[in-house]
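Peer 1: Input: one structure, supplied below.
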Amino acid sequence: MRRSGRRRVEPLVAAVVAAAVVAVPLSGSGFWLYNLTVVSLYATPVVGLNLLLGLAGQVSFAQTTFMAIGGYGTAILTTRFGVDPWLAMAAAAVLSLAASVVVGLPLLRLRGHYLALATFALALGTTSFAAGATTLTNGTIGISGVPPLALGGLSSASPVVAYAVSWAACGLATVASAVLAGSHVGRAWRALATRQDVAATLGIRVTRYKLLAFAIAALMASVAGSLYVEFTTFVGPDLYDIGTVINLFIMLFVGGRGSVVGPLLGSAVVILGPQLIAGLEQYQNLVFFLLLLALLLLRPAGLLGRIRDPAPLTAILPVWLLRRRLPAR
Amino acid sequence: MILILAIGIGVGCVYALVAVGYSLIYRTTGVVNFTQGSYVMLGGFSTYWFFAHARWPYPVAILGGVLVATGAGVSLWTLVVLPLWRRRSPPFIVLLATIVVGAILGNVALLVLGTTPRTLPPWIPGFGLQIGASRVDGQYVLVLAATLGLLALFGVTLRASTLGRAMRACAASRETSALLGVSPERMGAIALTATAAVGGLGGAMITPAQFTSPDAGLAYGVYGFVAAVLGGFGSLPGALAGGLLLGLIQALVGRYVSTNFETVIVFGILLVLLTVRPQGIVGADWEEQ
Amino acid sequence: MESGTAGAGDLRVTGLTKRFGGVVAAAEVSLAVSPAGVHGLIGPNGAGKSTILGLISGFLRPDAGRIEFAGRDLARLPPSAIARLGVARTFQQAAPLAGMTTLENVMVGMHARYRHGVLSVLGRLPGLRREEHEVRRAARAALADFGLAAEAEADAADLTFGKLRFLEVARAVAMRPRILLLDEPAAGLNRVETERLSGLVRRLRTDGVGVLLVDHDVSFVFSLCDQVTVMNYGRVIASGPPAEIYRDPAVREAYLGPREPGAEPAR
């Protein structure tokens with residue numbers, strides 16, 4: 001049956017991913033080391049988004065806002081106040097959590113399109129704020145010289161250390177997300193995503209659960225944002241522009257919403273895809289977008305996602321064409 | 001000051017045209033079409049290409065520009081939205097697909113004409129309006145007149161004609177309309193064609209007054225969307241109100257407050273509006289249930 | 001005309017009024033649901049029965065009147081708070097949680113039983129493991145009671161109509177409510193299924209649950225209820241034991257009259 005088929009694919013993909021993650025640093029390839037680090041650092045906010053949108057059904061474009069708080073928070077605290085990078089990351093995370101509650105309380109009262117639009121406004125507003133508030137953020141120039149993380153004797157200036165830390169974070173986020181999804185908390189989220197009114201009549205504190213998902217997603221985004229800035233030693237408003245906002249969603253949907261490994265796969269496709277066709281130079285973006293479109297058309301559920309009652313591919317054809325092909329009864 | 005207002009109104013009109021596109025397509029098909037802004041860009045850019053490269057006479061070039069935009073709209077419908085619709089894809093996938101198409105169109109424009117912003121000659125050379133001490137570029141007046149005319153035309157068609165009634169039926173309920181013999185697919189195609197054409201015309205009209213660049217599609221798409229929500233998504237007069245309001249706010253804030261914070265303020269206003277009055281100025285509720 | 005004996009565990013509705021624009025959906029409605037009692041609420045379409053249920057369960061705010069239960073006024077509370085006080089309801093249109101299995105649907109009904117929260121989930125605490133195990137076991141038992149054991153792993157949205165209705169009730173009962181509001185549970189059920197439903201409602205009564213039963217099937221309502229309230233045009237036109245209601249001329253005219261021959265109870 002189709003459903004069990006998919007269930008067997010996922011663990012297989014997870015195993016392959018895990019094997020690849022371990023093998024890469026051993027291979028010594030600088031290219032793959034760097035790119036897979038980036039993949040994991042983008043996958044982490046998408047894991048959060050998967051939980052918020054895929055599980056709890058809240059459409060939020062605001063992940064980049066929390067990535068920005070994490071990134072800029074870390075950069076400002078370390079370069080301007082000499083705070084230890086780990087502490088700075090923790091402080092930024094706490095700030096993100098607080099911000100998510102403050103912002104979430106009014107916003108999460110909105111539903112569907114309104115929520116999407118409000119969080120979209122928040123995300124784009126964050127970018128312009130980062131570009132405009134020059135005293136705080138250095139505007140479009142950005143902040144550079146962010147010191148690396150120190151881990152015992154190791155420093156994240158070393159690509160292998162950065163790789164290990166980012167994949168550790170991503171792995172932690174993925175496991176946490178999977179554990180929550182399978183628990184009664186996950187069921188409560190799925191209930192309020194399907195029928196909020198029914199969930200309320202079953203005694204589920206809807207607002208509290210929405211905020212919970214929002215905060216967890218914000219935390220994941222913040223940590224990923226902090227780590228990214230640590231490893232590239234630079235932060236600027238372009239990191240969180242509309243392109244990133246859209247990218248996160250493309251990663252989510254390419255990988256398949258609701259799937260555990262989906263965010264990783266989606267991130268890999270979006271980050272590595274253009275690299276693999278880099279030879280096409282100026283046509284690179286165009287080809288990538290065309291391939292993306294083809295994927296969306298052929299597999300609307302994404303690579304690992306599922307849709308209830310998907311229509312077969314032939315449904316694309318217009319009705320009059322199909323009618324000719326049906327056998328006479 | 002007058003000049004600022006003129007720019008605000010001019011750009012605001014284009015936002016209004018884009019906003020109308022969003023509302024009309026959403027009401028008829030339930031799809032939020034993020035390529036709306038790209039039609040504006042295509043209209044301006046293709047007109048430029050026909051005029052400057054193919055050396056067509058100016059009016060023909062303008063027509064060509066509008067046709068290119070319309071063609072893009074039709075292609076989007078048949079090649080992207082319809083297949084997704086027929087496969088009963090979640091609406092979010094359709095939205096994402098339109099965003100990707102918008103990116104594709106922007107990329108194509110980039111490859112063909114490069115990154116330099118382009119402009120066009122004014123439609124009526126030398127036409128300008130003297131208001132007080134300032135001389136307002138006549139193009140803005142044309143844009144305003146055309147926008148008002150087109151919106152009035154849309155409004156009348158939707159209210160009074162059979163086609164309009166069919167479209168409104170589709171907007172109310174897709175299944176019921178299908179049962180009554182109205183094809184939602186055809187209504188969607190008509191809506192998309194009309195809004196793409198109008199968007200393209202808007203692009204051709206505003207480019208003489210402002211520059212157009214390949215990534216303008218995204219900007220118009222986002223701001224047009226904001227305008228639609230400001231005015232009340234799904235409402236035609238709301239689209240006009242929202243568009244003009246947004247254009248004016250942008251122009252005024254950019255001039256008198258700071259260009260740095262212009263976008264922040266716009267989005268801040270939107271955020272506050274959504275929390276306080278999500279239905280927008282005119283107030284049409286666009287939740288599908 | 002108050003019905004039932006006054007008791008501490010009662011859900012007591014007094015003078016409930018709700019207007020929608022110019023339409024008075026409910027006017028000065030009063031009734032009481034006692035624990036281990038079944039109170040029927042009948043009336044023609046549009047009489048205001050669903051409005052009353054909506055008001056009690058917190059989806060509507062009354063314009064006047066009080067809803068007292070467990071020493072609180074429910075009129076000011078949001079639906080989830082009312083549910084947590086022990087008032088459960090089913091929906092007129094079956095509302096299965098699609099995308100979740102039948103078993104999961106019932107388990108969601110047991111959500112309030114969990115004492116552990118997010119941190120326990122992440123910490124994989126053994127106490128939570130026990131709770132989860134217990135809930136799963138209880139949910140399976142509930143499914144068996146309601147004849148849904150075979151469909152435990154099926155997507156709830158794929159259930160047949162009759163089974164959907166039973167799932168509605170099973171899910172609400174899973175909350176171990178003190179008061180249960182049943183919104184037309186027998187609608188569309190055949191004879192056999194209705195019998196089964198009656199048995200389940202009687203079981204609830206034995207378990208001490210107070211039931212407010214709204215339905216169009218008058219024989220079903222009369223056979224189960226100790227008290228019946230009849231509404232028409234938003235007002236209570238009669239209230240009392242079924243035998244009295246059956247004989248009340250105002251009720252006959254409004255509801256049991258010749259315009260609805262199918263509603264005559266089979267006696």
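We name chains A, B, ... following the order of the structure tokens; residues begin at 1 in each chain, and ligands are numbered from 1 as shown.
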DSSP on the backbone, strand (DSSP E) only: what residues of range 36-251 of chain A does that give? Format it as a ChimeraX atom specification.
Peer 2: /A:143-144,150-151,154-155,234-235
Peer 1: Next, write the just-selected residues to a file, as a PDB file, in the first residue's frame, keeping all heavy atoms as the atom set.
Peer 2:
ATOM      1  N   ILE A 143      28.166  43.617   9.678  1.00  0.00           N
ATOM      2  CA  ILE A 143      29.161  43.513  10.745  1.00  0.00           C
ATOM      3  C   ILE A 143      30.088  42.360  10.427  1.00  0.00           C
ATOM      4  O   ILE A 143      29.646  41.245  10.194  1.00  0.00           O
ATOM      5  CB  ILE A 143      28.490  43.261  12.105  1.00  0.00           C
ATOM      6  CG1 ILE A 143      27.469  44.364  12.394  1.00  0.00           C
ATOM      7  CG2 ILE A 143      29.529  43.173  13.210  1.00  0.00           C
ATOM      8  CD1 ILE A 143      26.696  44.130  13.661  1.00  0.00           C
ATOM      9  N   SER A 144      31.376  42.627  10.418  1.00  0.00           N
ATOM     10  CA  SER A 144      32.323  41.541  10.147  1.00  0.00           C
ATOM     11  C   SER A 144      33.252  41.362  11.339  1.00  0.00           C
ATOM     12  O   SER A 144      33.219  42.116  12.302  1.00  0.00           O
ATOM     13  CB  SER A 144      33.125  41.825   8.883  1.00  0.00           C
ATOM     14  OG  SER A 144      33.517  43.167   8.838  1.00  0.00           O
ATOM     15  N   ALA A 150      34.755  28.706  20.495  1.00  0.00           N
ATOM     16  CA  ALA A 150      35.828  27.863  21.015  1.00  0.00           C
ATOM     17  C   ALA A 150      35.204  26.662  21.706  1.00  0.00           C
ATOM     18  O   ALA A 150      34.296  26.793  22.530  1.00  0.00           O
ATOM     19  CB  ALA A 150      36.692  28.660  21.980  1.00  0.00           C
ATOM     20  N   LEU A 151      35.691  25.477  21.365  1.00  0.00           N
ATOM     21  CA  LEU A 151      35.142  24.247  21.918  1.00  0.00           C
ATOM     22  C   LEU A 151      36.296  23.468  22.511  1.00  0.00           C
ATOM     23  O   LEU A 151      36.988  22.732  21.811  1.00  0.00           O
ATOM     24  CB  LEU A 151      34.471  23.466  20.789  1.00  0.00           C
ATOM     25  CG  LEU A 151      33.484  22.366  21.176  1.00  0.00           C
ATOM     26  CD1 LEU A 151      32.331  22.968  21.951  1.00  0.00           C
ATOM     27  CD2 LEU A 151      32.970  21.695  19.918  1.00  0.00           C
ATOM     28  N   LEU A 154      39.402  23.226  20.500  1.00  0.00           N
ATOM     29  CA  LEU A 154      39.070  23.386  19.089  1.00  0.00           C
ATOM     30  C   LEU A 154      38.398  24.729  18.844  1.00  0.00           C
ATOM     31  O   LEU A 154      37.751  25.291  19.711  1.00  0.00           O
ATOM     32  CB  LEU A 154      38.122  22.265  18.651  1.00  0.00           C
ATOM     33  CG  LEU A 154      38.605  20.850  18.933  1.00  0.00           C
ATOM     34  CD1 LEU A 154      37.441  19.885  18.879  1.00  0.00           C
ATOM     35  CD2 LEU A 154      39.678  20.452  17.931  1.00  0.00           C
ATOM     36  N   SER A 155      38.580  25.227  17.628  1.00  0.00           N
ATOM     37  CA  SER A 155      37.929  26.483  17.266  1.00  0.00           C
ATOM     38  C   SER A 155      37.083  26.266  16.029  1.00  0.00           C
ATOM     39  O   SER A 155      37.440  25.479  15.154  1.00  0.00           O
ATOM     40  CB  SER A 155      38.989  27.554  16.998  1.00  0.00           C
ATOM     41  OG  SER A 155      38.452  28.562  16.187  1.00  0.00           O
ATOM     42  N   PHE A 234      30.497  36.928   9.487  1.00  0.00           N
ATOM     43  CA  PHE A 234      29.925  38.144   8.920  1.00  0.00           C
ATOM     44  C   PHE A 234      28.402  38.081   8.967  1.00  0.00           C
ATOM     45  O   PHE A 234      27.800  37.023   8.837  1.00  0.00           O
ATOM     46  CB  PHE A 234      30.391  38.306   7.475  1.00  0.00           C
ATOM     47  CG  PHE A 234      29.683  39.403   6.738  1.00  0.00           C
ATOM     48  CD1 PHE A 234      30.019  40.737   6.961  1.00  0.00           C
ATOM     49  CD2 PHE A 234      28.644  39.110   5.860  1.00  0.00           C
ATOM     50  CE1 PHE A 234      29.338  41.757   6.311  1.00  0.00           C
ATOM     51  CE2 PHE A 234      27.966  40.127   5.202  1.00  0.00           C
ATOM     52  CZ  PHE A 234      28.327  41.454   5.424  1.00  0.00           C
ATOM     53  N   VAL A 235      27.775  39.235   9.161  1.00  0.00           N
ATOM     54  CA  VAL A 235      26.322  39.310   9.066  1.00  0.00           C
ATOM     55  C   VAL A 235      25.924  40.572   8.318  1.00  0.00           C
ATOM     56  O   VAL A 235      26.551  41.624   8.465  1.00  0.00           O
ATOM     57  CB  VAL A 235      25.670  39.283  10.471  1.00  0.00           C
ATOM     58  CG1 VAL A 235      25.975  40.570  11.241  1.00  0.00           C
ATOM     59  CG2 VAL A 235      24.187  39.089  10.356  1.00  0.00           C
TER      60      VAL A 235
END
Peer 1: Given a cut-off of 6 Å, which residues of chain A touch chain C, counting only C-alpha atoms, written out as a ChimeraX atom specification?
Peer 2: /A:200-205
Peer 1: Using only C-alpha atoms, determine which residues lie at most 10 Å from Ala162 in chain A, disregarding the query and same-chain residues fewer than 3 positions distant; provide the list as a ChimeraX atom specification.
Peer 2: /A:33-34,37-38,148-149,154-159,165-168,227-228,230-232
Peer 1: Determine which residues of chain B sit within 8 Å of chain A, taking into account only C-alpha atoms, and present them as a PyMOL selection string.
Peer 2: chain B and resi 80+82-84+86-90+93+96-97+100-101+103-104+107-108+111+260-261+263-265+267-268+270-271+274-275+278+287
Peer 1: Dump N, CA and C atoms for the selected residues as a short mmCIF file (atom, residue, chain, number, x, y, z; two decimals), in the first residue's frame?
Peer 2:
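Everything below was put into part.cif:
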data_model
loop_
_atom_site.label_atom_id
_atom_site.label_comp_id
_atom_site.auth_asym_id
_atom_site.auth_seq_id
_atom_site.Cartn_x
_atom_site.Cartn_y
_atom_site.Cartn_z
N VAL B 80 1.02 26.01 -15.73
CA VAL B 80 1.36 25.85 -14.31
C VAL B 80 0.13 25.68 -13.43
N LEU B 82 -3.23 25.40 -14.07
CA LEU B 82 -4.19 24.36 -14.42
C LEU B 82 -3.73 22.96 -14.05
N PRO B 83 -2.51 22.57 -14.44
CA PRO B 83 -2.06 21.22 -14.05
C PRO B 83 -2.08 21.03 -12.54
N LEU B 84 -1.67 22.05 -11.82
CA LEU B 84 -1.67 21.91 -10.36
C LEU B 84 -3.08 21.80 -9.83
N ARG B 86 -5.68 20.67 -11.42
CA ARG B 86 -6.28 19.39 -11.78
C ARG B 86 -5.74 18.26 -10.92
N ARG B 87 -4.55 18.43 -10.40
CA ARG B 87 -4.02 17.40 -9.53
C ARG B 87 -4.38 17.66 -8.08
N ARG B 88 -5.26 18.61 -7.89
CA ARG B 88 -5.76 18.92 -6.55
C ARG B 88 -4.61 19.20 -5.58
N SER B 89 -3.67 20.00 -6.04
CA SER B 89 -2.54 20.34 -5.19
C SER B 89 -2.98 21.31 -4.11
N PRO B 90 -2.30 21.27 -2.99
CA PRO B 90 -2.62 22.24 -1.94
C PRO B 90 -2.39 23.66 -2.45
N ILE B 93 1.15 25.15 -2.64
CA ILE B 93 2.04 24.75 -3.73
C ILE B 93 1.81 25.65 -4.94
N LEU B 96 3.50 28.91 -4.28
CA LEU B 96 4.94 28.75 -4.43
C LEU B 96 5.32 28.68 -5.89
N ALA B 97 4.52 27.95 -6.67
CA ALA B 97 4.81 27.82 -8.10
C ALA B 97 4.74 29.19 -8.78
N VAL B 100 7.87 31.01 -8.07
CA VAL B 100 8.99 30.50 -8.88
C VAL B 100 8.88 31.02 -10.32
N VAL B 101 7.67 31.03 -10.86
CA VAL B 101 7.49 31.54 -12.22
C VAL B 101 7.89 33.01 -12.27
N ALA B 103 10.10 34.43 -10.50
CA ALA B 103 11.56 34.46 -10.51
C ALA B 103 12.09 34.12 -11.90
N ILE B 104 11.45 33.14 -12.54
CA ILE B 104 11.88 32.75 -13.88
C ILE B 104 11.74 33.92 -14.85
N ASN B 107 14.34 36.44 -14.31
CA ASN B 107 15.62 35.94 -14.82
C ASN B 107 15.73 36.06 -16.34
N VAL B 108 14.64 35.71 -17.01
CA VAL B 108 14.64 35.81 -18.47
C VAL B 108 14.87 37.26 -18.89
N LEU B 111 18.45 38.12 -18.51
CA LEU B 111 19.32 37.55 -19.52
C LEU B 111 19.19 38.28 -20.85
N ASN B 260 15.75 55.17 4.24
CA ASN B 260 16.17 53.96 4.96
C ASN B 260 15.00 53.21 5.55
N PHE B 261 14.14 53.98 6.20
CA PHE B 261 13.07 53.32 6.96
C PHE B 261 11.77 53.23 6.20
N THR B 263 10.61 51.24 3.88
CA THR B 263 9.97 49.92 3.85
C THR B 263 9.55 49.47 5.23
N VAL B 264 10.36 49.80 6.23
CA VAL B 264 10.00 49.38 7.59
C VAL B 264 8.66 49.97 7.98
N ILE B 265 8.51 51.27 7.67
CA ILE B 265 7.26 51.94 8.05
C ILE B 265 6.08 51.34 7.30
N PHE B 267 5.77 48.34 6.15
CA PHE B 267 5.42 47.04 6.71
C PHE B 267 4.91 47.15 8.13
N GLY B 268 5.40 48.13 8.84
CA GLY B 268 4.88 48.34 10.18
C GLY B 268 3.40 48.68 10.14
N LEU B 270 1.35 47.91 7.80
CA LEU B 270 0.61 46.72 7.40
C LEU B 270 0.40 45.79 8.58
N LEU B 271 1.44 45.62 9.37
CA LEU B 271 1.38 44.73 10.53
C LEU B 271 0.30 45.20 11.49
N LEU B 274 -3.18 44.68 10.05
CA LEU B 274 -3.63 43.30 10.06
C LEU B 274 -4.09 42.86 11.44
N THR B 275 -3.42 43.39 12.46
CA THR B 275 -3.83 42.98 13.80
C THR B 275 -5.13 43.65 14.20
N PRO B 278 -8.12 43.36 9.89
CA PRO B 278 -7.58 42.55 8.79
C PRO B 278 -8.35 42.71 7.49
N GLU B 287 -11.28 35.12 3.78
CA GLU B 287 -11.05 33.74 4.19
C GLU B 287 -11.96 32.83 3.41
#
Peer 1: Record the distance separating CA of Leu244 in chain B and CA of Ile9 in chain B, expressed in Å with one decimal.
Peer 2: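 Separation of CA of Leu244 in chain B and CA of Ile9 in chain B: 5.6 Å.
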